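Below is one structure, written out as structure tokens, with a few remarks after it.
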Amino acid sequence: MSHPVCNDRYFMQRALDLAKRGRALASPNPMVGAVLVRDGQVVGEGFHRYAEKKHAEIWALEAAGAAARTSTLFVTLEPCSHQGRTPPCVGELIGAGLSRVVAAMADPNPKVAGAGLRQLREAGIQVELGLCEAEACKLNEAYCKFIQTRLPFVTLKAGMTLDGKIAQADGQSQWITHEGSRQRVQQLRFESDAILTGIGTVLADNPRLTDRTGLPRRRRLLRVVLDSWLRLSPESALVRSGAEGDVLVFCSEQRSTEQQRQLEAGGLEVVPMPAADGRIDVRAVLNNLGQRDITSVLVEAGPALNFEALRSGCVDKLLCFVAPKILGGQSPLPLAGGAGFGQLDRCVPLRFAAIERVGSDLLIEAYLAEQQSASG
């Protein structure tokens with residue numbers, strides 16, 4: 001692990017790169033990377049995986065051994081100071097004799113909220129906070145929202161033509177976007193705990209909605225369908241590709257109980273909920289998912305569900321893959337349908353965060369303006 005003397009930003013970037021290795025492995029905990037440096041050399045490092053329990057700092061301490069004494073810890077998140085599934089990291093860090101701790105961001109968990117950094121300072125350890133903070137916050141934007149609200153972070157993804165159409169009039173949408181965009185969507189699925197769609201999309205496209213990256217993940221991608229009247233066929237690709245417990249269907253309390261029995265016999269979980277005018281409350285669905293420790297949800301749906309998600313204020317971020325095509329016409333389906341917002345002063349306010357070229361497409365990343373303070 002020998003490295004030339006580098007500056008603090010180099011080592012924090014190394015810690016962030018380590019943290020990213022926890023994608024799909026750390027949830028519902030945050031992704032955390034830790035690097036121990038002594039005399040300009042890396043002597044220990046680690047990242048958090050939920051199933052292996054140990055926090056990133058503990059992995060780094062174990063790798064460093066006696067070399068941890070008088071070293072500097074670069075860590076992407078404030079070390080924990082409370083008893084959870086594991087003992088607090090702060091005590092181990094103090095006992096190891098560190099001289100300095102550099103943390104990218106404070107832990108938004110109310111059980112920590114600065115207490116970890118305070119205890120380190122009280123033990124005589126030099127503490128610095130805020131290096132690469134923006135990148136650290138973005139990396140764990142789902143965790144930050146979930147730990148404070150118990151609601152998952154919601155990303156609405158759409159592939160569209162330049163004039164905002166996501167499908168033909170008959171619902172056909174294969175393929176609007178470039179192959180590179182479709183590969184990026186698979187990465188988005190890999191990084192999400194759950195994917196949410198409506199029965200209209202299932203009936204139109206017969207998708208599997210699986211994570212096909214082949215990358216290791218702690219728990220299977222939960223595929224969630226809103227289907228008020230249980231029109232989901234047991235012969236659909238979604239159901240036939242399912243494993244026990246990875247397809248969850250929310251329906252109206254007025255559903256067919258016989259259809260529910262058939263789906264449950266196929267290994268699906270069906271959850272009846274109150275529905276107004278046949279529409280299931282998206283926020284109630286997200287509350288349910290939060291109770292299941294689902295921290296991030298990717299919405300891949302049609303105009304009706306997209307509109308309901310936006311109208312309810314549940315969406316945190318939009319990712320729009322825009323193809324260099326114009327479909328035109330009045331009938332093709334727009335990104336958001338439903339009743340619409342009617343007037344310009346009632347539009348959903350957004351803040352563009354990034355624009356990226358993906359093959360021949362443009363990827364536009366935007367946050368809902370009112371969510372900015374929570375997501376950083």
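Ligands are numbered from 1 in the order shown, residues from 1 within each chain, and chains are lettered A, B, ... in the order they appear in the structure tokens.
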
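Residues with any atom within 7 Å of stretch 149-162 of chain A, counting only C-alpha atoms and excluding same-chain neighbours fewer than 6 positions away, are Ala142, Ile176, Thr177, Leu286, Asn287, Gly290, Ile294, Thr295, Ser296, Val297, Leu298, Val299, Glu300, Cys314, Val315, Asp316, Lys317, Leu318, Leu319, Cys320, Phe321, Val322, Ala323, Pro324, Lys325, Ile326 and Leu327 of chain A.
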
Residues of the last selection are to be written out with N, CA, C and O atoms, as a compact mmCIF listing (two decimals), in the first residue's frame.
```txt
# COMPACT_ATOMS: atom_id res chain seq x y z
N ALA A 142 -29.45 9.31 -1.24
CA ALA A 142 -30.57 8.45 -0.85
C ALA A 142 -30.55 8.20 0.66
O ALA A 142 -31.58 8.31 1.34
N ILE A 176 -36.60 4.26 -28.25
CA ILE A 176 -36.44 5.69 -28.49
C ILE A 176 -34.97 6.09 -28.36
O ILE A 176 -34.43 6.84 -29.17
N THR A 177 -34.31 5.56 -27.33
CA THR A 177 -32.98 6.04 -26.99
C THR A 177 -31.88 5.13 -27.50
O THR A 177 -32.10 3.99 -27.92
N LEU A 286 -44.77 4.79 -1.00
CA LEU A 286 -43.40 5.09 -0.59
C LEU A 286 -43.23 4.94 0.93
O LEU A 286 -42.18 4.51 1.40
N ASN A 287 -44.25 5.29 1.69
CA ASN A 287 -44.21 5.05 3.13
C ASN A 287 -44.03 3.57 3.42
O ASN A 287 -43.24 3.18 4.29
N GLY A 290 -40.50 2.52 2.59
CA GLY A 290 -39.58 2.98 3.62
C GLY A 290 -39.59 2.08 4.84
O GLY A 290 -38.53 1.82 5.44
N ILE A 294 -36.29 0.31 2.21
CA ILE A 294 -35.97 0.65 0.83
C ILE A 294 -35.56 2.12 0.82
O ILE A 294 -36.37 2.99 1.12
N THR A 295 -34.30 2.40 0.51
CA THR A 295 -33.81 3.78 0.59
C THR A 295 -33.86 4.51 -0.74
O THR A 295 -33.79 5.75 -0.76
N SER A 296 -33.94 3.78 -1.85
CA SER A 296 -33.92 4.44 -3.16
C SER A 296 -34.87 3.73 -4.11
O SER A 296 -34.90 2.50 -4.17
N VAL A 297 -35.64 4.52 -4.86
CA VAL A 297 -36.63 3.99 -5.80
C VAL A 297 -36.40 4.64 -7.16
O VAL A 297 -36.29 5.87 -7.26
N LEU A 298 -36.35 3.83 -8.19
CA LEU A 298 -36.25 4.30 -9.57
C LEU A 298 -37.61 4.14 -10.22
O LEU A 298 -38.12 3.02 -10.32
N VAL A 299 -38.21 5.24 -10.66
CA VAL A 299 -39.51 5.19 -11.32
C VAL A 299 -39.29 5.05 -12.82
O VAL A 299 -38.65 5.91 -13.45
N GLU A 300 -39.80 3.96 -13.39
CA GLU A 300 -39.79 3.75 -14.84
C GLU A 300 -41.24 3.47 -15.22
O GLU A 300 -41.71 2.34 -15.13
N CYS A 314 -43.38 13.60 -4.51
CA CYS A 314 -42.55 12.49 -4.04
C CYS A 314 -41.22 12.38 -4.78
O CYS A 314 -40.31 11.69 -4.32
N VAL A 315 -41.12 13.00 -5.94
CA VAL A 315 -39.92 12.84 -6.77
C VAL A 315 -38.83 13.78 -6.29
O VAL A 315 -39.06 14.97 -6.05
N ASP A 316 -37.62 13.25 -6.16
CA ASP A 316 -36.47 14.06 -5.77
C ASP A 316 -35.62 14.47 -6.96
O ASP A 316 -35.06 15.56 -6.98
N LYS A 317 -35.51 13.57 -7.95
CA LYS A 317 -34.61 13.83 -9.07
C LYS A 317 -35.19 13.27 -10.36
O LYS A 317 -35.83 12.23 -10.34
N LEU A 318 -34.95 13.97 -11.47
CA LEU A 318 -35.31 13.48 -12.80
C LEU A 318 -34.04 13.18 -13.59
O LEU A 318 -33.08 13.95 -13.54
N LEU A 319 -34.07 12.08 -14.31
CA LEU A 319 -33.01 11.75 -15.26
C LEU A 319 -33.69 11.52 -16.60
O LEU A 319 -34.42 10.53 -16.77
N CYS A 320 -33.47 12.42 -17.53
CA CYS A 320 -34.13 12.34 -18.84
C CYS A 320 -33.10 12.07 -19.93
O CYS A 320 -32.17 12.86 -20.13
N PHE A 321 -33.25 10.92 -20.58
CA PHE A 321 -32.41 10.57 -21.72
C PHE A 321 -33.13 11.07 -22.97
O PHE A 321 -34.18 10.55 -23.34
N VAL A 322 -32.57 12.10 -23.60
CA VAL A 322 -33.23 12.76 -24.72
C VAL A 322 -32.58 12.34 -26.02
O VAL A 322 -31.39 12.58 -26.25
N ALA A 323 -33.37 11.69 -26.88
CA ALA A 323 -32.88 11.22 -28.17
C ALA A 323 -33.02 12.31 -29.22
O ALA A 323 -33.97 13.11 -29.17
N PRO A 324 -32.13 12.36 -30.20
CA PRO A 324 -32.21 13.38 -31.26
C PRO A 324 -33.24 13.00 -32.30
O PRO A 324 -32.94 12.75 -33.47
N LYS A 325 -34.51 12.95 -31.85
CA LYS A 325 -35.63 12.56 -32.71
C LYS A 325 -36.83 13.44 -32.39
O LYS A 325 -36.98 13.88 -31.24
N ILE A 326 -37.67 13.67 -33.37
CA ILE A 326 -38.93 14.37 -33.15
C ILE A 326 -40.05 13.47 -33.66
O ILE A 326 -40.06 13.07 -34.82
N LEU A 327 -40.98 13.13 -32.78
CA LEU A 327 -42.09 12.26 -33.14
C LEU A 327 -43.30 13.07 -33.60
O LEU A 327 -43.99 12.71 -34.56
```

Would you give me, as a VMD selection string, the residues in stretch 106-313 of chain A that DSSP reads as strand (DSSP E or B)?
chain A and resid 126 to 129 153 to 161 165 to 167 194 to 198 222 to 226 247 to 252 269 to 273 275 to 276 279 to 280 296 to 299

Rank A:Thr76, A:Gln183, A:Arg69, A:Ser256 by their smallest atom-to-atom distance to A:Met31, using only C-alpha atoms, and report the top residue only.
A:Thr76

Using only C-alpha atoms, which residues sit within 12 Å of A:Gly329 once same-chain residues fewer than 2 positions away are excluded, as a PyMOL selection string?
chain A and resi 163-165+167-169+326-327+331-334

Residues from last step as file, N, CA, C and O atoms, as an mmCIF file, in the first residue's frame:
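The resulting file, again.cif, is reproduced below:
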```cif
data_model
loop_
_atom_site.group_PDB
_atom_site.id
_atom_site.type_symbol
_atom_site.label_atom_id
_atom_site.label_comp_id
_atom_site.auth_asym_id
_atom_site.auth_seq_id
_atom_site.Cartn_x
_atom_site.Cartn_y
_atom_site.Cartn_z
ATOM 1 N N ASP A 163 -38.978 16.279 -28.564
ATOM 2 C CA ASP A 163 -40.240 16.977 -28.291
ATOM 3 C C ASP A 163 -41.010 16.350 -27.127
ATOM 4 O O ASP A 163 -42.217 16.544 -26.984
ATOM 5 N N GLY A 164 -40.318 15.623 -26.270
ATOM 6 C CA GLY A 164 -40.889 15.195 -25.003
ATOM 7 C C GLY A 164 -41.805 13.995 -25.037
ATOM 8 O O GLY A 164 -42.549 13.751 -24.083
ATOM 9 N N LYS A 165 -41.745 13.181 -26.102
ATOM 10 C CA LYS A 165 -42.607 11.999 -26.198
ATOM 11 C C LYS A 165 -41.852 10.770 -25.688
ATOM 12 O O LYS A 165 -40.717 10.513 -26.079
ATOM 13 N N ALA A 167 -43.379 7.610 -25.789
ATOM 14 C CA ALA A 167 -43.908 6.423 -26.467
ATOM 15 C C ALA A 167 -44.834 6.839 -27.592
ATOM 16 O O ALA A 167 -45.347 7.968 -27.618
ATOM 17 N N GLN A 168 -45.050 5.919 -28.519
ATOM 18 C CA GLN A 168 -46.058 6.116 -29.560
ATOM 19 C C GLN A 168 -47.440 6.140 -28.925
ATOM 20 O O GLN A 168 -47.615 5.822 -27.746
ATOM 21 N N ALA A 169 -48.448 6.449 -29.722
ATOM 22 C CA ALA A 169 -49.819 6.511 -29.219
ATOM 23 C C ALA A 169 -50.274 5.171 -28.667
ATOM 24 O O ALA A 169 -51.088 5.114 -27.739
ATOM 25 N N ILE A 326 -37.666 13.668 -33.372
ATOM 26 C CA ILE A 326 -38.931 14.369 -33.155
ATOM 27 C C ILE A 326 -40.053 13.472 -33.664
ATOM 28 O O ILE A 326 -40.063 13.068 -34.824
ATOM 29 N N LEU A 327 -40.983 13.133 -32.776
ATOM 30 C CA LEU A 327 -42.092 12.255 -33.137
ATOM 31 C C LEU A 327 -43.302 13.069 -33.602
ATOM 32 O O LEU A 327 -43.986 12.711 -34.564
ATOM 33 N N SER A 331 -51.127 12.592 -30.393
ATOM 34 C CA SER A 331 -51.427 11.339 -29.705
ATOM 35 C C SER A 331 -50.255 10.709 -28.964
ATOM 36 O O SER A 331 -50.464 10.068 -27.924
ATOM 37 N N PRO A 332 -49.015 10.800 -29.461
ATOM 38 C CA PRO A 332 -47.904 10.163 -28.731
ATOM 39 C C PRO A 332 -47.849 10.607 -27.272
ATOM 40 O O PRO A 332 -48.241 11.727 -26.932
ATOM 41 N N LEU A 333 -47.344 9.726 -26.421
ATOM 42 C CA LEU A 333 -47.437 9.934 -24.980
ATOM 43 C C LEU A 333 -46.335 10.845 -24.458
ATOM 44 O O LEU A 333 -45.160 10.653 -24.764
ATOM 45 N N PRO A 334 -46.699 11.825 -23.614
ATOM 46 C CA PRO A 334 -45.715 12.749 -23.048
ATOM 47 C C PRO A 334 -45.099 12.186 -21.771
ATOM 48 O O PRO A 334 -45.566 11.175 -21.227
#
```

What lies within 8 Å of A:Gly302 using only C-alpha atoms, ignoring chain neighbours under 3 positions off, as a PyMOL selection string?
chain A and resi 166+197-198+200-201+305-306+335-336

Using all heavy atoms, can you write the selected residues to a file as a PDB file, in the first residue's frame?
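part-v4.pdb written:
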```pdb
ATOM      1  N   ILE A 166     -42.507  10.003 -24.823  1.00  0.00           N
ATOM      2  CA  ILE A 166     -41.869   8.811 -24.272  1.00  0.00           C
ATOM      3  C   ILE A 166     -42.362   7.526 -24.926  1.00  0.00           C
ATOM      4  O   ILE A 166     -41.836   6.451 -24.655  1.00  0.00           O
ATOM      5  CB  ILE A 166     -42.064   8.724 -22.744  1.00  0.00           C
ATOM      6  CG1 ILE A 166     -43.537   8.512 -22.387  1.00  0.00           C
ATOM      7  CG2 ILE A 166     -41.508   9.952 -22.049  1.00  0.00           C
ATOM      8  CD1 ILE A 166     -43.766   8.204 -20.910  1.00  0.00           C
ATOM      9  N   THR A 197     -43.186   0.909 -11.202  1.00  0.00           N
ATOM     10  CA  THR A 197     -43.878   1.149 -12.462  1.00  0.00           C
ATOM     11  C   THR A 197     -45.376   0.974 -12.267  1.00  0.00           C
ATOM     12  O   THR A 197     -45.835   0.549 -11.201  1.00  0.00           O
ATOM     13  CB  THR A 197     -43.347   0.202 -13.564  1.00  0.00           C
ATOM     14  OG1 THR A 197     -43.764   0.688 -14.840  1.00  0.00           O
ATOM     15  CG2 THR A 197     -43.862  -1.222 -13.370  1.00  0.00           C
ATOM     16  N   GLY A 198     -46.123   1.298 -13.311  1.00  0.00           N
ATOM     17  CA  GLY A 198     -47.572   1.130 -13.274  1.00  0.00           C
ATOM     18  C   GLY A 198     -47.995  -0.016 -14.174  1.00  0.00           C
ATOM     19  O   GLY A 198     -47.255  -0.451 -15.064  1.00  0.00           O
ATOM     20  N   GLY A 200     -50.017  -0.016 -16.569  1.00  0.00           N
ATOM     21  CA  GLY A 200     -50.091   0.375 -17.973  1.00  0.00           C
ATOM     22  C   GLY A 200     -48.799   0.083 -18.709  1.00  0.00           C
ATOM     23  O   GLY A 200     -48.811  -0.419 -19.841  1.00  0.00           O
ATOM     24  N   THR A 201     -47.681   0.377 -18.083  1.00  0.00           N
ATOM     25  CA  THR A 201     -46.371   0.097 -18.681  1.00  0.00           C
ATOM     26  C   THR A 201     -46.157  -1.402 -18.826  1.00  0.00           C
ATOM     27  O   THR A 201     -45.638  -1.882 -19.842  1.00  0.00           O
ATOM     28  CB  THR A 201     -45.254   0.709 -17.817  1.00  0.00           C
ATOM     29  OG1 THR A 201     -45.401   2.131 -17.807  1.00  0.00           O
ATOM     30  CG2 THR A 201     -43.882   0.358 -18.360  1.00  0.00           C
ATOM     31  N   LEU A 305     -48.586   7.586 -14.148  1.00  0.00           N
ATOM     32  CA  LEU A 305     -47.872   7.438 -12.880  1.00  0.00           C
ATOM     33  C   LEU A 305     -46.803   8.512 -12.734  1.00  0.00           C
ATOM     34  O   LEU A 305     -46.590   9.028 -11.628  1.00  0.00           O
ATOM     35  CB  LEU A 305     -47.242   6.046 -12.782  1.00  0.00           C
ATOM     36  CG  LEU A 305     -46.463   5.744 -11.495  1.00  0.00           C
ATOM     37  CD1 LEU A 305     -47.273   6.073 -10.254  1.00  0.00           C
ATOM     38  CD2 LEU A 305     -46.025   4.278 -11.473  1.00  0.00           C
ATOM     39  N   ASN A 306     -46.146   8.884 -13.819  1.00  0.00           N
ATOM     40  CA  ASN A 306     -45.169   9.972 -13.737  1.00  0.00           C
ATOM     41  C   ASN A 306     -45.828  11.240 -13.207  1.00  0.00           C
ATOM     42  O   ASN A 306     -45.285  11.933 -12.334  1.00  0.00           O
ATOM     43  CB  ASN A 306     -44.564  10.249 -15.113  1.00  0.00           C
ATOM     44  CG  ASN A 306     -43.577   9.187 -15.546  1.00  0.00           C
ATOM     45  OD1 ASN A 306     -43.146   8.358 -14.757  1.00  0.00           O
ATOM     46  ND2 ASN A 306     -43.214   9.204 -16.825  1.00  0.00           N
ATOM     47  N   LEU A 335     -44.083  12.852 -21.280  1.00  0.00           N
ATOM     48  CA  LEU A 335     -43.441  12.438 -20.027  1.00  0.00           C
ATOM     49  C   LEU A 335     -44.452  12.363 -18.895  1.00  0.00           C
ATOM     50  O   LEU A 335     -44.502  11.387 -18.142  1.00  0.00           O
ATOM     51  CB  LEU A 335     -42.324  13.425 -19.672  1.00  0.00           C
ATOM     52  CG  LEU A 335     -41.758  13.336 -18.248  1.00  0.00           C
ATOM     53  CD1 LEU A 335     -41.049  12.012 -18.038  1.00  0.00           C
ATOM     54  CD2 LEU A 335     -40.816  14.495 -17.973  1.00  0.00           C
ATOM     55  N   ALA A 336     -45.261  13.395 -18.738  1.00  0.00           N
ATOM     56  CA  ALA A 336     -46.267  13.440 -17.668  1.00  0.00           C
ATOM     57  C   ALA A 336     -47.624  13.718 -18.288  1.00  0.00           C
ATOM     58  O   ALA A 336     -47.777  14.663 -19.051  1.00  0.00           O
ATOM     59  CB  ALA A 336     -45.917  14.512 -16.644  1.00  0.00           C
TER      60      ALA A 336
END
```

Near A:Tyr143, counting only C-alpha atoms, which residues have an atom at most 8 Å away, once you skip same-chain residues fewer than 2 positions from it, shown as a count of residues only?
11
